[in-house]
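Student: Sharing a structure with you now.
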Amino acid sequence: MAKRWTNDLTHADVTPEAAYLNRRQIMAGLTGFGLAGLVGTGARASAELEPTDWDVITQYNNFYEFGTGKDDPAARAHALTTSPWTIKIDGLVDRPGDYSFDDIMSKMTIEERIYRFRCVEAWSMVVPWNGFELKDLLDLAGVKSEAKYVAMETLYRPEEMPGQRLPFLEWPYVEGLRLDEAMHPLTIMATGIYGKTIPNQNGAPLRLVVPWKYGFKSIKSVVRITLTDKEPPTSWNRAISSEYKFYSNVNPEVDHPRWSQASERPIGGGLFAKRQPTLMFNGYEEEVAQMYEGMDLRVHF
Ligand SMILES: Nc1nc2c(c(=O)[nH]1)N[C@H]1C(S)=C(S)[C@@H](COP(=O)(O)O)O[C@H]1N2
Ligand SMILES: [Mo]
């Protein structure tokens, strides 16, 4: 586990304020279709994010089921069988059952969403996802009024996922969201990147993407979605509960116990890529902050 958490961040890495303001103007954009209702100003809507290269997005990965190295998933995940694929939706829903991936896809509207992606390890990318809103899938199953949380589980198949034969984490990988977070229009299930089928190493055939939270919340290769009235367990909280809590919202003001979260290293930016400031809620504050009103984000980090 030590390897994963090694990093070289110091407070001296934080970008000076002038650069911050410049870059902030560039980075403030929220692109993607279907978000018009959320976007406050025209300037914000028209600003652009520069997507990270395909090769970087698909070769620098965290997917511990295939090993802890950043290049292990790309080297090993081709062995994963992703078709047929079934997602069990159960718990507090009107229509529990095994939903086939193909059937789900025939009912969903696939959109492109270009999102910032910020790992808790303080690196970042910009990913042009293709996918559908998680809300649409939950509506298909019919969420009962008692439901308060959504729990998700990754495939457990050690024959194809060699990392699951080792105790890096407790398997299967599990994650969860509060129901309002899960229903938020920014929350998607991604099935593609750059208009291509999502590669196995990125979580084929479908993975969660919650752009205002640290990357580990965005659980890959999902096989089960359970609606519940209790806060579900999450893998990194189980592993190191003092460092990883349930919410894990990106927050430059709350440092990880072992490193600063004030800035991040863009992956794939080349030789001249500078560290950049991390934005509150990863730049999605305007869209999501109201869900956390009245919560102490230093306690619920
Ligand atoms: N099942 C599963 N999901 C996972 C992980 C994992 O190890 N297993 N890693 C998480 C972490 S720490 C990150 S940063 C992102 C990485 O997504 P990417 O490889 O598509 O960039 O996936 C998240 N989802
Ligand atoms: Mo991560």
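Here's how to read the names in the structure tokens: chain A, B, ... by the order shown, residue numbers from 1 in each chain, ligand numbers from 1 in the order shown.
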Residues contacting ligand 1 - anything with an atom at most 6 Å away, using only C-alpha atoms and all ligand atoms - can you give me those as an MDAnalysis selection string?

Tutor: chainID A and resid 61:65 119 154 173 202 215:216 218:220

Student: Take the residues from that selection and put them in a file with N, CA and C atoms, as a CSV table (one decimal), in the first residue's frame.

Tutor:
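Once everything was written out, this is result-v4.csv:
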chain,number,residue,atom,x,y,z
A,61,ASN,N,-3.3,4.6,-14.8
A,61,ASN,CA,-4.5,4.3,-14.1
A,61,ASN,C,-4.4,3.8,-12.7
A,62,ASN,N,-5.4,3.9,-11.9
A,62,ASN,CA,-5.5,3.2,-10.7
A,62,ASN,C,-6.7,2.2,-10.8
A,63,PHE,N,-6.3,1.0,-10.7
A,63,PHE,CA,-7.3,-0.1,-10.7
A,63,PHE,C,-6.7,-1.3,-10.0
A,64,TYR,N,-6.8,-1.3,-8.7
A,64,TYR,CA,-6.0,-2.2,-7.9
A,64,TYR,C,-6.3,-3.7,-8.1
A,65,GLU,N,-7.5,-3.9,-8.7
A,65,GLU,CA,-7.8,-5.3,-9.1
A,65,GLU,C,-6.8,-5.9,-10.1
A,119,CYS,N,-7.4,12.9,-8.6
A,119,CYS,CA,-7.1,11.8,-7.7
A,119,CYS,C,-6.7,12.4,-6.3
A,154,THR,N,-17.8,-3.4,-7.3
A,154,THR,CA,-17.1,-3.8,-8.5
A,154,THR,C,-17.2,-5.3,-8.6
A,173,TYR,N,-14.2,-4.2,-4.4
A,173,TYR,CA,-14.1,-2.8,-4.2
A,173,TYR,C,-15.6,-2.3,-4.0
A,202,ASN,N,-10.0,1.5,-17.7
A,202,ASN,CA,-10.7,2.6,-17.1
A,202,ASN,C,-12.0,2.2,-16.5
A,215,GLY,N,-10.9,10.8,-7.0
A,215,GLY,CA,-11.1,9.8,-8.0
A,215,GLY,C,-11.5,8.4,-7.4
A,216,PHE,N,-11.1,8.1,-6.2
A,216,PHE,CA,-11.4,6.8,-5.7
A,216,PHE,C,-12.9,6.5,-5.5
A,218,SER,N,-15.0,7.2,-7.7
A,218,SER,CA,-15.5,6.8,-9.1
A,218,SER,C,-15.2,5.3,-9.4
A,219,ILE,N,-16.0,4.5,-8.8
A,219,ILE,CA,-15.8,3.0,-8.8
A,219,ILE,C,-16.0,2.4,-10.2
A,220,LYS,N,-15.1,1.5,-10.5
A,220,LYS,CA,-15.0,0.9,-11.9
A,220,LYS,C,-15.8,-0.4,-12.0

Student: Based on the backbone DSSP call, show me all residues of segment 11-223 of chain A assigned helix (DSSP H, G or I), as a PyMOL selection string.

Tutor: chain A and resi 11-13+17-27+42-46+54-57+64-66+72-79+101-107+134-141+162-165+179-183+200-202+215-217

Student: Given only C-alpha atoms as the basis, pick out the residue of A:Val127, A:Val174, A:Ala182, A:Ala239 nearest to Met291 of chain A.

Tutor: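 When distances to Met291 of chain A are compared using only C-alpha atoms, the smallest one comes from A:Ala182.
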
Student: Skip segment 156-162 of chain A itself and residues of its chain fewer than 4 positions away, then list as a short mmCIF file (atom, residue, chain, number, x, y, z; two decimals) with C-alpha atoms, in the first residue's frame all residues within 10 Å of it, counting only C-alpha atoms.

Tutor:
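What follows is the written file result21.cif:
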data_model
loop_
_atom_site.label_atom_id
_atom_site.label_comp_id
_atom_site.auth_asym_id
_atom_site.auth_seq_id
_atom_site.Cartn_x
_atom_site.Cartn_y
_atom_site.Cartn_z
CA PHE A 63 -7.35 -0.09 -10.73
CA TYR A 64 -6.01 -2.19 -7.86
CA GLU A 65 -7.80 -5.29 -9.09
CA PHE A 66 -5.00 -5.42 -11.66
CA GLY A 67 -2.13 -4.32 -9.42
CA PRO A 73 -4.14 -1.94 -15.46
CA ARG A 76 -3.33 -6.64 -17.58
CA ALA A 77 -6.96 -5.57 -17.92
CA HIS A 78 -7.41 -6.91 -21.46
CA ALA A 79 -8.03 -10.28 -19.78
CA LEU A 80 -11.29 -9.01 -18.27
CA THR A 81 -14.48 -10.37 -19.87
CA LEU A 166 -3.69 -10.22 -2.96
CA TRP A 171 -12.51 -7.28 -2.24
CA PRO A 172 -14.77 -6.51 -3.96
CA TYR A 173 -14.12 -2.77 -4.16
CA SER A 221 -16.63 -2.08 -13.55
CA VAL A 222 -19.82 -1.93 -11.50
CA VAL A 223 -21.89 -5.10 -11.07
#

Student: Between A:Tyr214, A:Trp123, A:Tyr247, A:Phe132, which is the closest to Ser106 of chain A once you count only C-alpha atoms?

Tutor: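 Closest to Ser106 of chain A, using only C-alpha atoms: A:Phe132.
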
Student: For the structure I just gave you, how does DSSP split segment 51-252 of chain A - specifically, which residues are strand (DSSP E or B)? Reply as an MDAnalysis selection string.

Tutor: chainID A and resid 86:91 93 97:100 111:118 123:133 143 149:154 174:178 188:193 196:197 207:209 213 222:228 249

Student: Name the residues in contact with segment 230-234 of chain A at a cut-off of 6 Å, using only C-alpha atoms, excluding same-chain residues fewer than 6 positions from it; report them as a ChimeraX atom specification.

Tutor: /A:151,174-176

Student: Rank nothing, just name the residue among A:Thr58, A:Thr278, A:Ser248, A:Gln164 nearest to ligand 2, using only C-alpha atoms and all ligand atoms.

Tutor: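 The answer is A:Ser248, which sits nearest to ligand 2.
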